>>> print(open('input14.cif').read())   # mmCIF, C-alpha atoms
data_final
loop_
_atom_site.label_atom_id
_atom_site.label_comp_id
_atom_site.auth_asym_id
_atom_site.auth_seq_id
_atom_site.Cartn_x
_atom_site.Cartn_y
_atom_site.Cartn_z
CA MET A 194 -1.57 15.45 -21.88
CA LYS A 195 -0.37 13.55 -24.95
CA ALA A 196 -2.10 10.20 -25.55
CA THR A 197 -0.50 7.52 -27.75
CA LYS A 198 -2.23 4.28 -28.61
CA ILE A 199 0.51 1.65 -28.61
CA PHE A 200 -1.68 -1.40 -29.16
CA GLN A 201 -5.13 -2.27 -30.42
CA SER A 202 -6.81 -5.53 -31.27
CA GLY A 203 -10.56 -5.18 -31.26
CA ASP A 204 -11.57 -3.73 -27.92
CA HIS A 205 -8.20 -4.62 -26.35
CA GLN A 206 -6.12 -1.46 -26.24
CA TRP A 207 -3.06 0.03 -24.57
CA ILE A 208 -2.84 3.80 -24.41
CA ILE A 209 0.01 5.71 -22.87
CA PHE A 210 -0.40 9.24 -21.48
CA GLY A 211 2.57 11.48 -20.96
CA ARG A 212 4.60 14.45 -22.15
CA ASP A 213 2.05 16.80 -20.55
CA PRO A 214 2.83 20.28 -21.91
CA ASN A 215 1.12 21.81 -18.85
CA LYS A 216 3.25 19.86 -16.40
CA LYS A 217 4.97 22.05 -13.81
CA GLY A 218 8.66 22.47 -14.49
CA LYS A 219 10.25 20.80 -11.50
CA ILE A 220 8.25 17.59 -11.37
CA ILE A 221 9.57 14.51 -13.12
CA ASP A 222 7.80 13.56 -16.35
CA THR A 223 5.86 10.32 -16.12
CA ASN A 224 4.05 7.88 -18.40
CA GLN A 225 0.64 6.63 -17.32
CA HIS A 226 -0.88 3.56 -19.00
CA LEU A 227 -4.51 2.71 -19.68
CA VAL A 228 -5.36 -0.88 -20.62
CA MET A 229 -8.86 -1.61 -21.85
CA SER A 230 -10.63 -4.81 -22.74
CA GLY A 231 -14.24 -5.96 -22.87
CA GLY A 232 -15.68 -2.80 -21.35
CA ASP A 233 -13.25 -2.89 -18.42
CA ALA A 234 -10.26 -0.64 -17.86
CA ILE A 235 -7.23 -0.43 -15.59
CA LEU A 236 -4.93 2.55 -15.05
CA LEU A 237 -1.32 1.53 -14.47
CA ASP A 238 0.66 3.92 -12.29
CA PRO A 239 -1.99 6.66 -12.62
CA GLY A 240 0.38 9.44 -11.62
CA GLY A 241 0.85 12.22 -9.11
CA ILE A 242 -1.54 14.82 -7.69
CA GLU A 243 -0.17 17.45 -10.04
CA LEU A 244 -1.28 15.44 -13.08
CA PHE A 245 -4.70 14.38 -11.88
CA ALA A 246 -6.83 16.94 -13.70
CA SER A 247 -4.94 16.45 -16.99
CA MET A 248 -5.12 12.65 -16.63
CA LEU A 249 -8.83 12.61 -15.87
CA ALA A 250 -9.53 14.90 -18.80
CA ALA A 251 -7.36 12.78 -21.11
CA VAL A 252 -8.76 9.42 -19.99
CA VAL A 253 -12.37 10.38 -20.79
CA HIS A 254 -11.42 10.66 -24.44
CA HIS A 255 -11.01 6.88 -24.42
CA VAL A 256 -13.19 5.41 -21.69
CA PRO A 257 -16.08 6.45 -19.45
CA VAL A 258 -14.77 7.00 -15.93
CA ALA A 259 -17.28 4.47 -14.58
CA LYS A 260 -15.52 1.75 -16.60
CA ILE A 261 -12.24 2.28 -14.74
CA THR A 262 -12.65 -0.47 -12.17
CA LYS A 263 -8.99 -1.05 -11.43
CA LEU A 264 -5.88 0.92 -10.63
CA PHE A 265 -2.38 -0.49 -10.35
CA ALA A 266 0.58 0.97 -8.48
CA SER A 267 3.92 -0.68 -9.18
CA HIS A 268 5.24 0.80 -5.94
CA GLN A 269 4.68 3.63 -3.51
CA ASP A 270 6.38 6.66 -5.04
CA PRO A 271 4.41 9.93 -5.22
CA ASP A 272 4.86 10.24 -8.98
CA ILE A 273 3.18 6.81 -9.27
CA ILE A 274 0.20 7.13 -6.98
CA SER A 275 -0.07 10.38 -4.98
CA SER A 276 -3.26 11.13 -6.94
CA LEU A 277 -4.93 8.16 -5.20
CA GLY A 278 -6.92 10.38 -2.80
CA LEU A 279 -8.42 12.18 -5.80
CA TRP A 280 -9.22 9.01 -7.76
CA ASP A 281 -10.77 7.81 -4.51
CA GLN A 282 -13.25 10.69 -4.78
CA VAL A 283 -14.08 10.02 -8.42
CA LEU A 284 -14.21 6.22 -8.79
CA GLU A 285 -17.20 4.42 -7.29
CA ASN A 286 -16.20 0.76 -7.03
CA ALA A 287 -12.55 0.48 -7.94
CA GLU A 288 -9.71 -1.71 -6.70
CA LEU A 289 -6.10 -0.67 -6.33
CA HIS A 290 -3.70 -3.51 -7.08
CA ALA A 291 -0.41 -2.73 -5.38
CA PRO A 292 2.35 -4.54 -3.46
CA TRP A 293 1.22 -5.87 -0.08
CA LEU A 294 4.40 -4.33 1.37
CA TRP A 295 3.28 -0.75 0.74
CA GLU A 296 -0.36 -0.85 1.81
CA GLY A 297 0.15 1.05 5.07
CA PHE A 298 2.16 3.70 3.23
CA ILE A 299 0.04 4.12 0.10
CA ARG A 300 -3.05 4.55 2.26
CA HIS A 301 -1.54 7.85 3.42
CA PHE A 302 -2.51 9.25 0.04
CA GLY A 303 -6.17 8.59 0.86
CA CYS A 304 -8.00 5.32 0.20
CA ASP A 305 -11.49 5.32 1.72
CA ARG A 306 -13.69 4.08 -1.12
CA ILE A 307 -11.14 2.25 -3.27
CA THR A 308 -10.38 -1.32 -2.15
CA TYR A 309 -6.71 -2.15 -1.67
CA ALA A 310 -6.02 -5.47 -3.42
CA ALA A 311 -2.62 -6.47 -2.09
CA ILE A 312 -0.31 -8.27 -4.54
CA PRO A 313 1.76 -11.04 -2.93
CA ASP A 314 5.54 -11.06 -3.46
CA GLU A 315 5.40 -13.88 -6.01
CA GLY A 316 3.09 -11.88 -8.28
CA GLN A 317 -0.40 -12.49 -9.57
CA GLU A 318 -2.68 -12.59 -12.60
CA ILE A 319 -5.78 -10.44 -12.90
CA LYS A 320 -8.55 -10.25 -15.45
CA VAL A 321 -9.26 -7.00 -17.22
CA GLY A 322 -12.34 -7.64 -19.30
CA ASN A 323 -11.46 -10.58 -21.56
CA ARG A 324 -7.71 -10.32 -21.00
CA THR A 325 -5.29 -11.42 -18.35
CA LEU A 326 -2.49 -9.22 -17.05
CA GLU A 327 0.42 -10.62 -15.08
CA PHE A 328 2.08 -8.80 -12.21
CA VAL A 329 5.74 -9.77 -12.56
CA PRO A 330 7.93 -9.43 -9.46
CA ALA A 331 10.52 -6.65 -9.78
CA HIS A 332 11.45 -6.24 -6.13
CA TYR A 333 14.27 -3.83 -5.24
CA LEU A 334 14.11 -2.26 -8.73
CA HIS A 335 13.99 0.19 -7.11
CA ALA A 336 11.33 -0.23 -4.42
CA SER A 337 11.47 -3.14 -1.99
CA GLY A 338 8.03 -4.24 -3.15
CA ASN A 339 7.63 -3.64 -6.87
CA PHE A 340 5.98 -5.18 -9.93
CA SER A 341 6.10 -4.91 -13.70
CA VAL A 342 2.94 -5.64 -15.69
CA TYR A 343 2.92 -8.07 -18.63
CA ASP A 344 0.19 -8.47 -21.22
CA PRO A 345 0.81 -11.80 -23.00
CA VAL A 346 -1.58 -11.01 -25.84
CA ALA A 347 -0.35 -7.47 -26.56
CA LYS A 348 3.19 -8.67 -25.68
CA ILE A 349 3.73 -5.44 -23.79
CA LEU A 350 5.67 -5.16 -20.55
CA MET A 351 5.02 -2.06 -18.44
CA SER A 352 8.34 -1.99 -16.62
CA GLY A 353 7.89 0.88 -14.16
CA ASP A 354 11.16 2.54 -13.25
CA ILE A 355 13.17 -0.14 -15.06
CA GLY A 356 14.12 1.27 -18.42
CA ALA A 357 13.47 4.82 -17.25
CA ALA A 358 15.23 7.68 -19.01
CA LEU A 359 15.36 11.36 -18.16
CA LEU A 360 14.57 13.04 -21.47
CA GLU A 361 14.07 16.59 -22.72
CA ASP A 362 10.54 17.95 -23.11
CA GLY A 363 8.97 16.85 -26.35
CA ALA A 364 11.17 13.77 -26.75
CA PRO A 365 9.66 11.03 -28.96
CA MET A 366 7.55 8.33 -27.33
CA PHE A 367 9.64 5.51 -28.82
CA VAL A 368 13.37 4.89 -28.60
CA GLU A 369 14.86 5.63 -31.99
CA ASP A 370 18.59 5.23 -31.39
CA PHE A 371 19.28 2.77 -28.58
CA ALA A 372 22.97 3.56 -28.23
CA ALA A 373 22.28 7.26 -27.91
CA HIS A 374 19.39 6.55 -25.54
CA THR A 375 21.62 4.76 -23.02
CA ARG A 376 23.17 8.11 -22.18
CA HIS A 377 19.79 9.13 -20.68
CA MET A 378 19.37 5.92 -18.73
CA LYS A 379 22.77 5.16 -17.28
CA MET A 380 22.86 7.50 -14.27
CA PHE A 381 19.24 6.73 -13.37
CA HIS A 382 19.80 2.99 -13.28
CA GLN A 383 23.19 3.13 -11.56
CA ARG A 384 21.83 5.36 -8.79
CA TRP A 385 18.23 4.23 -8.35
CA MET A 386 18.61 0.49 -8.72
CA PRO A 387 20.28 -0.79 -5.57
CA SER A 388 20.88 -4.47 -6.27
CA ASN A 389 22.70 -6.31 -9.05
CA LYS A 390 21.22 -9.55 -7.73
CA ALA A 391 17.67 -8.19 -7.98
CA LYS A 392 18.45 -6.83 -11.43
CA ASP A 393 19.67 -10.23 -12.67
CA ALA A 394 16.63 -12.01 -11.22
CA TRP A 395 14.26 -9.67 -13.03
CA ILE A 396 16.15 -9.94 -16.31
CA ALA A 397 16.02 -13.75 -16.08
CA ARG A 398 12.24 -13.59 -15.60
CA VAL A 399 11.65 -11.18 -18.43
CA ARG A 400 13.81 -13.18 -20.87
CA GLN A 401 11.23 -15.97 -20.44
CA LEU A 402 8.46 -13.68 -21.71
CA ASP A 403 7.66 -12.74 -25.28
CA VAL A 404 7.99 -8.96 -25.06
CA GLN A 405 7.59 -6.88 -28.19
CA MET A 406 7.27 -3.59 -26.39
CA MET A 407 8.69 -2.49 -23.03
CA SER A 408 7.16 0.71 -21.68
CA PRO A 409 8.74 2.35 -18.64
CA GLN A 410 7.22 4.93 -16.32
CA HIS A 411 9.73 7.60 -17.40
CA GLY A 412 11.17 8.13 -20.84
CA ALA A 413 10.60 6.27 -24.09
CA ILE A 414 9.23 2.89 -25.14
CA PHE A 415 11.48 0.09 -26.35
CA ARG A 416 10.22 -1.78 -29.42
CA GLY A 417 11.24 -5.03 -31.08
CA ASP A 418 14.97 -5.68 -30.88
CA ASP A 419 15.48 -2.72 -28.57
CA VAL A 420 13.83 -4.77 -25.80
CA LYS A 421 16.63 -7.37 -25.98
CA ARG A 422 19.21 -4.59 -26.34
CA PHE A 423 17.91 -3.07 -23.13
CA LEU A 424 18.04 -6.36 -21.24
CA ASP A 425 21.63 -6.95 -22.41
CA TRP A 426 22.63 -3.39 -21.54
CA PHE A 427 21.01 -3.57 -18.11
CA GLU A 428 22.60 -6.95 -17.39
CA ALA A 429 26.05 -5.53 -18.06
CA LEU A 430 25.51 -2.42 -15.96
CA GLU A 431 26.79 -2.29 -12.38
CA VAL A 432 24.08 -0.68 -10.25
CA GLY A 433 23.84 0.61 -6.68
CA ASN A 434 26.85 2.89 -7.16
CA ALA A 435 26.07 5.38 -4.36
CA VAL A 436 27.72 3.01 -1.90
CA THR A 437 31.35 2.10 -2.60
CA MET B 836 -28.48 26.93 12.61
CA VAL B 837 -25.83 26.71 9.94
CA HIS B 838 -24.64 30.08 8.70
CA ALA B 839 -23.55 30.56 5.15
CA VAL B 840 -19.77 30.91 5.26
CA ASP B 841 -17.28 31.44 2.49
CA LEU B 842 -14.81 28.93 3.86
CA GLU B 843 -12.31 29.44 1.09
CA LYS B 844 -11.85 33.08 1.96
CA ILE B 845 -11.23 32.71 5.65
CA LYS B 846 -9.25 29.47 5.36
CA PHE B 847 -11.45 28.03 8.04
CA HIS B 848 -9.75 24.70 7.83
CA LEU B 849 -6.45 26.22 8.97
CA LEU B 850 -8.25 28.14 11.70
CA ALA B 851 -9.98 24.99 12.93
CA VAL B 852 -6.76 23.03 13.18
CA SER B 853 -5.01 25.81 15.10
CA VAL B 854 -7.99 26.14 17.50
CA ALA B 855 -7.87 22.40 18.20
CA ALA B 856 -4.14 22.61 18.91
CA ASP B 857 -4.60 25.62 21.18
CA LEU B 858 -7.36 23.97 23.19
CA SER B 859 -5.27 20.88 23.93
CA ASP B 860 -3.89 22.77 26.95
CA VAL B 861 -7.35 23.12 28.50
CA LYS B 862 -7.41 19.46 29.48
CA ALA B 863 -4.31 19.84 31.65
CA GLN B 864 -5.80 22.91 33.35
CA GLY B 865 -9.06 21.07 33.93
CA GLU B 866 -7.17 18.28 35.65
CA ALA B 867 -5.34 20.84 37.77
CA ILE B 868 -8.69 22.23 38.95
CA SER B 869 -9.75 18.72 39.88
CA LEU B 870 -6.56 18.35 41.89
CA GLU B 871 -7.25 21.60 43.77
CA ALA B 872 -10.72 20.32 44.65
CA MET B 873 -9.10 17.23 46.18
CA ASN B 874 -6.58 19.41 48.02
CA ALA B 875 -9.39 21.52 49.39
CA LYS B 876 -11.21 18.45 50.73
CA VAL B 877 -8.07 17.28 52.49
CA LEU B 878 -7.55 20.71 54.02
CA VAL B 879 -11.13 20.81 55.25
CA ALA B 880 -10.65 17.43 56.94
CA ARG B 881 -7.40 18.60 58.56
CA ALA B 882 -8.93 21.86 59.74
CA GLY B 883 -11.54 19.96 61.74
CA SER B 884 -14.23 22.26 63.15
CA MET B 885 -12.51 25.29 61.67
CA GLY B 886 -13.08 23.81 58.22
CA LEU B 887 -16.84 23.48 58.57
CA GLY B 888 -17.50 26.74 56.76
CA PHE B 889 -15.55 25.47 53.78
CA ARG B 890 -17.52 22.28 53.31
CA PRO B 891 -20.23 23.70 51.05
CA ILE B 892 -17.49 25.46 49.07
CA THR B 893 -15.41 22.31 48.62
CA ASP B 894 -18.52 20.24 47.80
CA PHE B 895 -19.26 22.75 45.09
CA MET B 896 -15.60 22.62 43.98
CA VAL B 897 -15.76 18.83 43.63
CA GLN B 898 -18.90 19.08 41.48
CA LEU B 899 -17.31 21.90 39.50
CA ALA B 900 -14.21 19.78 38.96
CA GLU B 901 -16.26 16.79 37.77
CA ASP B 902 -18.23 18.98 35.36
CA THR B 903 -15.01 20.60 34.16
CA ILE B 904 -13.33 17.25 33.48
CA ARG B 905 -16.38 16.04 31.59
CA LEU B 906 -16.46 19.25 29.57
CA VAL B 907 -12.74 19.26 28.75
CA ARG B 908 -13.02 15.67 27.51
CA GLU B 909 -15.94 16.64 25.27
CA ILE B 910 -14.06 19.72 24.12
CA GLU B 911 -10.99 17.64 23.30
CA ALA B 912 -13.10 15.18 21.30
CA GLU B 913 -15.00 17.91 19.47
CA ALA B 914 -11.84 19.93 18.77
CA LEU B 915 -10.22 16.83 17.30
CA ALA B 916 -13.33 16.23 15.20
CA VAL B 917 -13.17 19.81 13.95
CA ALA B 918 -9.49 19.44 13.07
CA HIS B 919 -10.11 16.12 11.32
CA GLN B 920 -13.07 17.46 9.34
CA ALA B 921 -11.12 20.58 8.42
CA VAL B 922 -8.33 18.48 6.94
CA GLU B 923 -10.89 16.24 5.24
CA ARG B 924 -12.43 19.39 3.81
CA LEU B 925 -9.09 20.38 2.32
CA ARG B 926 -9.15 17.06 0.47
CA THR B 927 -12.72 17.29 -0.79
CA ALA B 928 -12.34 20.94 -1.80
CA ASN B 929 -9.20 20.08 -3.75
CA ALA B 930 -11.02 17.18 -5.42
CA VAL B 931 -13.83 19.55 -6.51
CA LYS B 932 -11.32 22.06 -7.87
CA LEU B 933 -9.44 19.44 -9.86
CA ALA B 934 -12.57 17.63 -11.06
CA ARG B 935 -13.87 20.96 -12.37
CA LYS B 936 -10.53 21.62 -14.04
CA ALA B 937 -10.64 18.18 -15.66
CA GLU B 938 -14.20 18.81 -16.85
CA ALA B 939 -13.16 22.14 -18.37
CA ILE B 940 -10.23 20.56 -20.19
CA SER B 941 -12.34 17.64 -21.44
CA ARG B 942 -15.01 20.07 -22.69
CA SER B 943 -12.46 22.23 -24.51
CA THR B 944 -10.95 19.14 -26.15
CA ASN B 945 -14.34 17.56 -26.98
CA ALA B 946 -13.62 14.38 -25.03
CA LYS B 947 -15.98 11.54 -26.05
CA TRP B 948 -17.10 10.85 -22.47
CA GLY B 949 -16.44 14.33 -21.15
CA ASP B 950 -20.15 14.85 -20.42
CA GLN B 951 -20.02 12.15 -17.77
CA LEU B 952 -17.48 14.16 -15.86
CA ARG B 953 -20.24 16.62 -15.04
CA ILE B 954 -21.95 13.90 -13.00
CA PHE B 955 -18.73 13.19 -11.14
CA VAL B 956 -18.16 16.87 -10.52
CA GLU B 957 -21.65 17.02 -8.98
CA GLN B 958 -20.97 13.94 -6.84
CA VAL B 959 -17.63 15.23 -5.65
CA ASN B 960 -19.21 18.61 -4.98
CA ALA B 961 -22.02 16.98 -2.98
CA ARG B 962 -19.45 15.12 -0.90
CA ASP B 963 -17.60 18.36 -0.32
CA GLN B 964 -20.80 20.08 0.82
CA GLN B 965 -21.46 17.20 3.19
CA THR B 966 -17.97 17.64 4.63
CA VAL B 967 -18.58 21.38 5.05
CA SER B 968 -21.88 20.70 6.81
CA GLU B 969 -20.23 18.23 9.20
CA LEU B 970 -17.37 20.62 9.83
CA LEU B 971 -19.74 23.47 10.68
CA GLY B 972 -21.77 21.13 12.90
CA HIS B 973 -18.70 20.17 14.90
CA ALA B 974 -17.55 23.78 15.08
CA GLN B 975 -20.93 24.89 16.44
CA ARG B 976 -20.96 22.08 19.02
CA LEU B 977 -17.48 23.14 20.02
CA THR B 978 -18.51 26.77 20.51
CA LYS B 979 -21.42 25.60 22.70
CA LEU B 980 -19.05 23.54 24.84
CA LEU B 981 -16.65 26.45 25.10
CA ASP B 982 -19.50 28.69 26.25
CA GLU B 983 -20.34 26.12 28.92
CA ILE B 984 -16.82 25.83 30.22
CA ALA B 985 -16.44 29.61 30.21
CA SER B 986 -19.42 29.74 32.61
CA GLN B 987 -17.81 27.03 34.72
CA MET B 988 -14.60 29.01 34.95
CA LEU B 989 -16.45 32.14 36.01
CA ALA B 990 -18.05 30.02 38.74
CA ALA B 991 -14.56 28.75 39.68
CA ARG B 992 -13.35 32.31 40.09
CA ALA B 993 -16.30 33.03 42.34
CA VAL B 994 -15.44 29.96 44.40
CA SER B 995 -11.86 31.15 44.64
CA SER B 996 -13.08 34.47 46.06
CA SER B 997 -15.33 32.65 48.54
CA ILE B 998 -12.39 30.56 49.75
CA ARG B 999 -10.31 33.70 50.30
CA ILE B 1000 -13.12 35.35 52.26
CA GLU B 1001 -13.72 32.28 54.38
CA SER B 1002 -10.02 31.68 55.01
CA ALA B 1003 -9.69 35.15 56.48
CA THR B 1004 -11.84 33.96 59.39
CA ILE B 1005 -9.66 31.02 60.47
CA GLU B 1006 -6.27 30.47 62.03
CA ALA B 1007 -3.24 31.49 60.01
CA ARG B 1008 -1.82 27.93 59.83
CA HIS B 1009 -4.88 26.76 57.94
CA SER B 1010 -5.62 30.05 56.24
CA GLN B 1011 -2.41 30.01 54.17
CA SER B 1012 -3.16 26.57 52.76
CA PHE B 1013 -6.65 27.61 51.75
CA GLN B 1014 -5.28 30.80 50.21
CA SER B 1015 -2.94 28.67 48.14
CA VAL B 1016 -5.86 26.56 46.90
CA ALA B 1017 -7.76 29.74 46.08
CA ASN B 1018 -4.79 31.17 44.17
CA ASN B 1019 -4.21 27.97 42.19
CA LEU B 1020 -7.91 27.72 41.37
CA GLN B 1021 -7.92 31.36 40.28
CA ASP B 1022 -4.86 30.82 38.08
CA CYS B 1023 -6.17 27.66 36.42
CA SER B 1024 -9.62 29.04 35.79
CA SER B 1025 -8.23 32.33 34.45
CA SER B 1026 -5.89 30.46 32.14
CA VAL B 1027 -8.72 28.32 30.83
CA LEU B 1028 -11.02 31.33 30.51
CA THR B 1029 -8.46 33.33 28.53
CA LYS B 1030 -7.81 30.48 26.16
CA VAL B 1031 -11.49 29.64 25.78
CA LYS B 1032 -12.54 33.26 25.15
CA SER B 1033 -9.82 33.73 22.56
CA ASN B 1034 -10.80 30.59 20.67
CA LEU B 1035 -14.51 31.36 21.01
CA ARG B 1036 -13.88 34.73 19.37
CA THR B 1037 -11.97 33.04 16.57
CA LEU B 1038 -14.63 30.38 16.00
CA ASN B 1039 -17.56 32.79 16.20
CA ARG B 1040 -15.85 35.19 13.82
CA ALA B 1041 -15.29 32.35 11.37
CA LEU B 1042 -18.84 31.00 11.70
CA ASN B 1043 -20.59 34.34 11.48
CA SER B 1044 -18.56 36.15 8.84
#
>>> encode(input="input14.cif", output="structure tokens")
Amino acid sequence: MKATKIFQSGDHQWIIFGRDPNKKGKIIDTNQHLVMSGGDAILLDPGGIELFASMLAAVVHHVPVAKITKLFASHQDPDIISSLGLWDQVLENAELHAPWLWEGFIRHFGCDRITYAAIPDEGQEIKVGNRTLEFVPAHYLHASGNFSVYDPVAKILMSGDIGAALLEDGAPMFVEDFAAHTRHMKMFHQRWMPSNKAKDAWIARVRQLDVQMMSPQHGAIFRGDDVKRFLDWFEALEVGNAVT
Amino acid sequence: MVHAVDLEKIKFHLLAVSVAADLSDVKAQGEAISLEAMNAKVLVARAGSMGLGFRPITDFMVQLAEDTIRLVREIEAEALAVAHQAVERLRTANAVKLARKAEAISRSTNAKWGDQLRIFVEQVNARDQQTVSELLGHAQRLTKLLDEIASQMLAARAVSSSIRIESATIEARHSQSFQSVANNLQDCSSSVLTKVKSNLRTLNRALNS
């Protein structure tokens, strides 16, 4: 599992795990995020069952497992959170922050010891050590209950499936040529994102934030001006094209 | 006494779930036996003085039916517990396997906090062993209940024979009805006995191998 530190300021860090060379061929590649601050840690979209062993082994390079007190699931998809039943076995006193809408569904992955901390539709702020993370509503993009995560100090937005790209193995972690990159995003967003109205609402929210890095759950990270390029591109794109 | 069992090899969890599914039919048969006991009582009442010889048999049938219903309910509960624990065991066993894999990877890559994974592997392993112990406990209780109901069904077959013998001594108009009760009782008890013996063999083989 490849680990890339994308932000550090003292003990406040963002690390992204992905591009697992041992990943089985037919499962979609995913990015998992670890945010640490003040001796506390949260795993954002910790990943599927197939990745669990690699993730656990990778995470302990950066943080003791006992310090992982929080998990976050942007929505209910298996590539996001099907490893929950396994984390449930490993983590002693953790909370899972996830949309209230999906609690009954996510619990099917196994959630006996972990506490389900339901996020209301309007979003929420949580403390991770000395830092605050914001759960930004991103409903219907694509899941009916869905959140992005914003760190106002790191100025990073973990955008989940928004901004996702289906890339070749070994692709770079950061977008290097935005125009060329749109080729890898277009079909995903047109097919997976059902609502232009929801898309516009999310874009309007995110334009209010100071985002220097936007990191999706699939594909590469947008930096600097590429964040605005993405928002403009996404705004112009007609989505929900499976229904004519 | 808990026997040492290599559960991985015999895929006991799959066995346990299939046994629970197979035994779900026993409840319906148990209720059918109870119904025959009621039928028998009604027939005895209708037969008047001719039914006197059947009274001890039907009294025994009623008790047998009550015991059978109680047993099938306990069997259903225990079989469900076995199935549930077996599936739970799948989860804990998988967690052990993946935790060990993670520990191996972290060791080979010299992870800073990789040592702590050993503690978690031990904890996950302990939980898995607890699940195994509970699963075996339920399985053993289930085999005991199956033994009990097998004895009940043998008694039911004996009762069926007694009804046939007794019905040969009374008028044909009543005799046929009692024969029917005897046949139904025989069929139900045989069905239960076959199913119970088959699953007992499966469970005992799994527990003792």
>>> closest_residue(input="input14.cif", among="B:Asp860, B:Glu1006, B:Glu923, B:Glu938", to="chain A", atoms="only C-alpha atoms")
B:Glu938
>>> closest_atom_pairs(input="input14.cif", of="chain B", to="chain A", cutoff="12 Å", atoms="all atoms listed in the file", output="CSV")
residue,atom,partner,partner_atom,distance
B:Val922,CA,A:Gly303,CA,11.8
B:Glu923,CA,A:Gly303,CA,10.0
B:Leu925,CA,A:Gly278,CA,11.4
B:Arg926,CA,A:Gly278,CA,7.8
B:Thr927,CA,A:Gln282,CA,7.7
B:Ala928,CA,A:Leu279,CA,10.4
B:Asn929,CA,A:Leu279,CA,8.2
B:Ala930,CA,A:Leu279,CA,5.6
B:Val931,CA,A:Gln282,CA,9.0
B:Lys932,CA,A:Ala246,CA,9.0
B:Leu933,CA,A:Ala246,CA,5.3
B:Ala934,CA,A:Ala246,CA,6.4
B:Arg935,CA,A:Ala246,CA,8.2
B:Lys936,CA,A:Ala246,CA,6.0
B:Ala937,CA,A:Ala246,CA,4.5
B:Glu938,CA,A:Ala250,CA,6.4
B:Ala939,CA,A:Ala250,CA,8.1
B:Ile940,CA,A:Ala250,CA,5.9
B:Ser941,CA,A:Ala250,CA,4.7
B:Arg942,CA,A:Ala250,CA,8.5
B:Ser943,CA,A:Ala250,CA,9.7
B:Thr944,CA,A:Ala250,CA,8.6
B:Asn945,CA,A:His254,CA,7.9
B:Ala946,CA,A:His254,CA,4.4
B:Lys947,CA,A:His254,CA,4.9
B:Trp948,CA,A:Val253,CA,5.0
B:Gly949,CA,A:Val253,CA,5.7
B:Asp950,CA,A:Val253,CA,9.0
B:Gln951,CA,A:Pro257,CA,7.1
B:Leu952,CA,A:Val258,CA,7.7
B:Arg953,CA,A:Val258,CA,11.1
B:Ile954,CA,A:Val283,CA,9.9
B:Phe955,CA,A:Val283,CA,6.3
B:Val956,CA,A:Val283,CA,8.2
B:Glu957,CA,A:Val283,CA,10.3
B:Gln958,CA,A:Val283,CA,8.1
B:Val959,CA,A:Gln282,CA,6.4
B:Asn960,CA,A:Gln282,CA,9.9
B:Ala961,CA,A:Gln282,CA,10.9
B:Arg962,CA,A:Gln282,CA,8.6
B:Asp963,CA,A:Gln282,CA,9.9
>>> closest_residue(input="input14.cif", among="B:Ala1017, B:Val852, B:Ile910, B:Leu980", to="Thr893 (chain B)", atoms="only C-alpha atoms")
B:Ala1017
>>> closest_residue(input="input14.cif", among="B:Asn1018, B:Ser869, B:Ser1010, B:Ser995", to="Met885 (chain B)", atoms="only C-alpha atoms")
B:Ser1010
>>> resolve_selection(input="input14.cif", expression="the PyMOL selection byres ((chain B and resi 875) around 10)", output="ChimeraX atom specification")
/B:869-874,876-881,886,889-890,892-894,896-897,998,1012-1013,1015-1017
>>> residues_around(input="input14.cif", residues="region 207-212 of chain A", least_positions_apart="4", cutoff="10 Å", atoms="all atoms listed in the file", output="CSV table (one decimal) with C-alpha atoms, keeping the file's coordinate frame")
chain,number,residue,atom,x,y,z
A,194,MET,CA,-1.6,15.4,-21.9
A,195,LYS,CA,-0.4,13.6,-25.0
A,196,ALA,CA,-2.1,10.2,-25.6
A,197,THR,CA,-0.5,7.5,-27.8
A,198,LYS,CA,-2.2,4.3,-28.6
A,199,ILE,CA,0.5,1.6,-28.6
A,200,PHE,CA,-1.7,-1.4,-29.2
A,201,GLN,CA,-5.1,-2.3,-30.4
A,202,SER,CA,-6.8,-5.5,-31.3
A,216,LYS,CA,3.2,19.9,-16.4
A,222,ASP,CA,7.8,13.6,-16.4
A,223,THR,CA,5.9,10.3,-16.1
A,224,ASN,CA,4.0,7.9,-18.4
A,225,GLN,CA,0.6,6.6,-17.3
A,226,HIS,CA,-0.9,3.6,-19.0
A,227,LEU,CA,-4.5,2.7,-19.7
A,228,VAL,CA,-5.4,-0.9,-20.6
A,229,MET,CA,-8.9,-1.6,-21.8
A,230,SER,CA,-10.6,-4.8,-22.7
A,234,ALA,CA,-10.3,-0.6,-17.9
A,235,ILE,CA,-7.2,-0.4,-15.6
A,236,LEU,CA,-4.9,2.6,-15.0
A,237,LEU,CA,-1.3,1.5,-14.5
A,239,PRO,CA,-2.0,6.7,-12.6
A,240,GLY,CA,0.4,9.4,-11.6
A,244,LEU,CA,-1.3,15.4,-13.1
A,247,SER,CA,-4.9,16.4,-17.0
A,248,MET,CA,-5.1,12.6,-16.6
A,251,ALA,CA,-7.4,12.8,-21.1
A,252,VAL,CA,-8.8,9.4,-20.0
A,255,HIS,CA,-11.0,6.9,-24.4
A,344,ASP,CA,0.2,-8.5,-21.2
A,347,ALA,CA,-0.4,-7.5,-26.6
A,349,ILE,CA,3.7,-5.4,-23.8
A,361,GLU,CA,14.1,16.6,-22.7
A,362,ASP,CA,10.5,18.0,-23.1
A,363,GLY,CA,9.0,16.8,-26.4
A,364,ALA,CA,11.2,13.8,-26.8
A,365,PRO,CA,9.7,11.0,-29.0
A,366,MET,CA,7.6,8.3,-27.3
A,408,SER,CA,7.2,0.7,-21.7
A,410,GLN,CA,7.2,4.9,-16.3
A,411,HIS,CA,9.7,7.6,-17.4
A,412,GLY,CA,11.2,8.1,-20.8
A,414,ILE,CA,9.2,2.9,-25.1
